[in-house]
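Here's the structure we're looking at; comments come further down.
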Amino acid sequence: MNDFISITGQGIVCAIGNDAAQVLSSLRDGRSGIGPMKYLRSKHADIPVGEVQLSNDLMKEMLGVDRDAVYSRTSLMGAIAVRQALEQAGIADTAGKRVVLISGTTVGNMDITISNDNECGASTRDIAALCSLEDAKTCTISTACSSALNAIILGCEMLRSDEADIVIAGGSEALSRFHFNGFNSLMILDHEQCRPFDSSRNGLNLGEGAAFVVLQKNVPDALAYVSGYGNRCDAFHQTASSENGEGAFLAMSGALTMAGLSPSDIQYVNAHGTGTQSNDISESRALKRVFDSNMPQVSSTKPFTGHTTSASGSIETVICILAMREGFTPANLGWKTPDADGITPTMGQEKAILHNVMCNSFGFGGNDSSLILSDRPVMLQDVEPVFGTKVAAIQEIGPDDDMSELKAFIPAMELRRMGPLMRASILTALLSLKKAGLERPDAIVTATADGMLEVSRQFQKDIIENDEELLKPTLFMQSTHNTIGSAIAIRTLCHGYNITYSHGDESEYWAMEDATRMIRSGKASSVLVTVFDEAGPSAFQAKSTVIVRK
């Protein structure tokens, strides 16, 4: 029979509250959490942020952890949110159950890792340990600002294909000097409270927080139900959004198609809405393309929480659940003047009837995802293995291999801006596709333990040596773990599914499982899997595998 996906528990900690009740109160009262830095240490203290109003010591006390124990802020916030979600779901004992914890993060343990050797999966495993989930499978997704929403999507896919009984999915992200200075180097941080979709918008406010939801199959009287989702790639630029919002349009359209809903069935959209010039106009145009004359109420809640980057998708999913269950739409704080080509967001409405709501999360590299939540069960088609798989091509490149063939694919000027790992990864991808006789794959899945490690190390070094000044934005842009996946998508113009796993030695396992699942379920006929890591400029390895339908 067909199953439905139930959300049976939710947990949240962010700048406007340390649990769902506090967050709900702040949303209804219009209280923003944007303000001066309290816990983050930076010379740019004049730039406002959305911090969780809990010290690390207080969070350890809440979790019953010894004060001397070393845990990152990311792990502590994540554990608080996971415990809340499990408690609400009534799950005290998981014995005999197949439990999976999926977390989205990019910062990971950066706030306590001086060397910046940041293996994101470490924070996920710490969350599992803090929540007594040692027997659970753990997975980490790192697709920048869409990470947490992609974690929820993966959780739904695993339930549908009967790979789990209980999935706890979401994300956690702490403010760190690394990514705060990274966004500042891009000159997209507002020195005032952000104003998404307003003509005077001048950038985003960074925030932090965590949120997780418990996903189970066929549980009635749940908090909400997942009815559709979509993940697509803009395939346009590493940080900027395309003018017509192609990736966002495809993600929203895909979610609607999966849910069997028309645009007029959506009553509210929680927009990605960062407040930057590029994002807001691109998302506005995508929303207009999808909804046309059926535009629902739309708002960005980032003026409340700040942009919590990798955690934003799950934090805003919880906000959507609260809005649907309590019958209101959150205000788009700070909006006053419409943009010439933008949408007009809602300033909030009480007594709103919300049957179906959409949540958007768009990340660097054009990794765009949308989720639709409904107030009643929606039967999703069973995911059964209907196709076989085979490997069509494999290509590996290491530091001793000749990469001169790359000149046939990429102009010399562009090549000079690429480091060895980027060159090797793109070349393995292009050569494997060529061997398989494909111009582009249907989907791109990448796997890495540490991402572009040497680039990250250099950016961290510059932060220290230059005292947070005169930093190179290119280094930050390339430091995100999904850099390779987005670069390949841009190079091949692949607008399909795009995801990056960063879970230590298990990263390749998760990537191959995902690729195989897509082929077997008929979601794709070809998937490119690229695995990459480095231990220094002369110690790297890249491998690309093309998997196709038999």
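Identifiers for the structure tokens are assigned positionally: chains receive A, B, ... in sequence, residues are indexed from 1 per chain, and ligands are indexed from 1 in the order shown.
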inquiry  = Among range 299-539 of chain A, which ones does DSSP assign to strand (DSSP E) (computed from the backbone)? Answer as number ranges by chain.
reply    = A: 299, 328-329, 349-350, 356-363, 367-374, 389-397, 443-447, 497-501, 526-536, 539
Selection near range 159-163 of chain A, 12 Å with only C-alpha atoms, sequence-local residues under 3 positions removed, as a PDB file with C-alpha atoms, in the first residue's frame:
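Output contents, as saved in part08.pdb:
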ATOM      1  CA  MET A   1       0.000   0.000   0.000  1.00  0.00           C
ATOM      2  CA  ASN A   2       0.997   3.616  -0.311  1.00  0.00           C
ATOM      3  CA  ASP A   3       2.440   5.257   2.810  1.00  0.00           C
ATOM      4  CA  PHE A   4       2.365   8.753   4.217  1.00  0.00           C
ATOM      5  CA  ILE A   5       5.138  10.558   6.074  1.00  0.00           C
ATOM      6  CA  SER A   6       4.224  11.948   9.497  1.00  0.00           C
ATOM      7  CA  ILE A   7       6.113  14.543  11.503  1.00  0.00           C
ATOM      8  CA  LYS A  97      14.022   0.139  15.783  1.00  0.00           C
ATOM      9  CA  ARG A  98      16.032   1.195  12.764  1.00  0.00           C
ATOM     10  CA  VAL A  99      16.883   4.781  13.718  1.00  0.00           C
ATOM     11  CA  VAL A 100      18.710   7.278  11.530  1.00  0.00           C
ATOM     12  CA  LYS A 137      22.939   5.327  11.898  1.00  0.00           C
ATOM     13  CA  ILE A 152      14.600  16.106   5.781  1.00  0.00           C
ATOM     14  CA  ILE A 153      14.200  15.112   2.133  1.00  0.00           C
ATOM     15  CA  LEU A 154      16.707  12.273   2.542  1.00  0.00           C
ATOM     16  CA  GLY A 155      14.897  11.121   5.678  1.00  0.00           C
ATOM     17  CA  CYS A 156      11.624  10.924   3.783  1.00  0.00           C
ATOM     18  CA  ILE A 166      12.425   6.453  12.707  1.00  0.00           C
ATOM     19  CA  VAL A 167      14.358   9.335  11.180  1.00  0.00           C
ATOM     20  CA  ILE A 168      15.450  12.408  13.122  1.00  0.00           C
ATOM     21  CA  ALA A 169      16.337  14.982  10.487  1.00  0.00           C
ATOM     22  CA  VAL A 214      11.007  13.196  13.891  1.00  0.00           C
ATOM     23  CA  LEU A 215       9.776  11.479  10.729  1.00  0.00           C
ATOM     24  CA  GLN A 216       7.766   8.260  10.809  1.00  0.00           C
ATOM     25  CA  LYS A 217       5.470   6.417   8.433  1.00  0.00           C
ATOM     26  CA  ASN A 218       1.713   6.247   8.762  1.00  0.00           C
ATOM     27  CA  VAL A 226       5.207  15.777   4.273  1.00  0.00           C
ATOM     28  CA  MET A 379      -0.329   9.152   0.303  1.00  0.00           C
ATOM     29  CA  LEU A 380       3.059   9.005  -1.378  1.00  0.00           C
ATOM     30  CA  GLN A 381       3.761   6.464  -4.070  1.00  0.00           C
ATOM     31  CA  ASP A 382       5.731   3.503  -2.780  1.00  0.00           C
ATOM     32  CA  VAL A 383       9.432   3.559  -3.610  1.00  0.00           C
ATOM     33  CA  GLU A 384      10.187   0.055  -4.827  1.00  0.00           C
ATOM     34  CA  PRO A 385      13.269  -1.148  -6.735  1.00  0.00           C
ATOM     35  CA  VAL A 386      11.884  -1.257 -10.258  1.00  0.00           C
ATOM     36  CA  GLU A 513      23.402   4.587  -1.558  1.00  0.00           C
ATOM     37  CA  ASP A 514      21.620   7.767  -2.620  1.00  0.00           C
ATOM     38  CA  THR A 516      21.545   3.768  -6.354  1.00  0.00           C
ATOM     39  CA  ARG A 517      18.228   4.586  -4.680  1.00  0.00           C
ATOM     40  CA  MET A 518      17.507   7.238  -7.317  1.00  0.00           C
ATOM     41  CA  ARG A 520      16.231   1.957  -8.747  1.00  0.00           C
ATOM     42  CA  SER A 521      13.191   4.101  -7.940  1.00  0.00           C
TER      43      SER A 521
END
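Of the residues under consideration (A:Leu333, A:Glu87, A:Arg289, A:Val527), A:Leu333 shows the shortest atom-to-atom contact distance to Thr305 in chain A when counting only C-alpha atoms.
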Between range 430-468 of chain A and range 499-509 of chain A, at 10 Å or less, what are the per-residue closest atom pairs and their distances in Å? Count only C-alpha atoms, order by chain and rising residue number, and return it as a tab-separated table.
residue	atom	partner	partner_atom	distance
A:Ala443	CA	A:Ile499	CA	8.7
A:Ile444	CA	A:Ile499	CA	6.7
A:Val445	CA	A:Ile499	CA	5.1
A:Thr446	CA	A:Thr500	CA	4.6
A:Ala447	CA	A:Tyr501	CA	4.7
A:Thr448	CA	A:Ser502	CA	5.0
A:Ala449	CA	A:Gly504	CA	4.3
A:Asp450	CA	A:Ser502	CA	7.0
A:Gly451	CA	A:Ser502	CA	7.7
Output all heavy atoms of each residue in that selection to a file, as a short mmCIF file (atom, residue, chain, number, x, y, z; two decimals), in the first residue's frame.
data_model
loop_
_atom_site.label_atom_id
_atom_site.label_comp_id
_atom_site.auth_asym_id
_atom_site.auth_seq_id
_atom_site.Cartn_x
_atom_site.Cartn_y
_atom_site.Cartn_z
N ALA A 443 21.53 13.62 -12.30
CA ALA A 443 21.76 14.07 -10.92
C ALA A 443 23.25 14.01 -10.61
O ALA A 443 23.99 13.23 -11.22
CB ALA A 443 20.98 13.19 -9.94
N ILE A 444 23.66 14.85 -9.66
CA ILE A 444 25.06 14.89 -9.23
C ILE A 444 25.11 14.71 -7.72
O ILE A 444 24.46 15.45 -6.96
CB ILE A 444 25.73 16.22 -9.62
CG1 ILE A 444 25.78 16.36 -11.14
CG2 ILE A 444 27.14 16.32 -9.02
CD1 ILE A 444 26.25 17.73 -11.62
N VAL A 445 25.86 13.71 -7.27
CA VAL A 445 26.03 13.43 -5.85
C VAL A 445 27.52 13.46 -5.54
O VAL A 445 28.30 12.77 -6.21
CB VAL A 445 25.44 12.06 -5.47
CG1 VAL A 445 25.61 11.80 -3.99
CG2 VAL A 445 23.97 11.98 -5.86
N THR A 446 27.92 14.25 -4.56
CA THR A 446 29.33 14.31 -4.20
C THR A 446 29.53 13.88 -2.75
O THR A 446 28.61 13.93 -1.94
CB THR A 446 29.93 15.72 -4.42
OG1 THR A 446 29.14 16.68 -3.71
CG2 THR A 446 29.94 16.08 -5.87
N ALA A 447 30.75 13.45 -2.46
CA ALA A 447 31.09 12.96 -1.12
C ALA A 447 32.47 13.46 -0.74
O ALA A 447 33.41 13.38 -1.55
CB ALA A 447 31.05 11.44 -1.09
N THR A 448 32.60 13.96 0.48
CA THR A 448 33.89 14.46 0.95
C THR A 448 33.92 14.47 2.47
O THR A 448 32.89 14.74 3.11
CB THR A 448 34.17 15.87 0.42
OG1 THR A 448 35.44 16.31 0.88
CG2 THR A 448 33.10 16.86 0.87
N ALA A 449 35.06 14.18 3.06
CA ALA A 449 35.19 14.25 4.51
C ALA A 449 35.39 15.69 4.97
O ALA A 449 34.77 16.14 5.93
CB ALA A 449 36.35 13.38 4.98
N ASP A 450 36.25 16.41 4.26
CA ASP A 450 36.63 17.76 4.71
C ASP A 450 36.41 18.85 3.69
O ASP A 450 36.69 20.01 3.96
CB ASP A 450 38.11 17.78 5.11
CG ASP A 450 38.40 16.85 6.27
OD1 ASP A 450 37.89 17.10 7.37
OD2 ASP A 450 39.13 15.86 6.08
N GLY A 451 35.94 18.51 2.49
CA GLY A 451 35.75 19.53 1.48
C GLY A 451 37.06 20.04 0.92
O GLY A 451 38.07 19.32 0.89
#
Surrounding residues of Ala122 in chain A excluding itself and chain neighbours under 5 positions, 12 Å, only C-alpha atoms, as a ChimeraX atom specification = /A:71-72,74-75,103-110,112-113,117,127-129,138-140,449-450,502-506
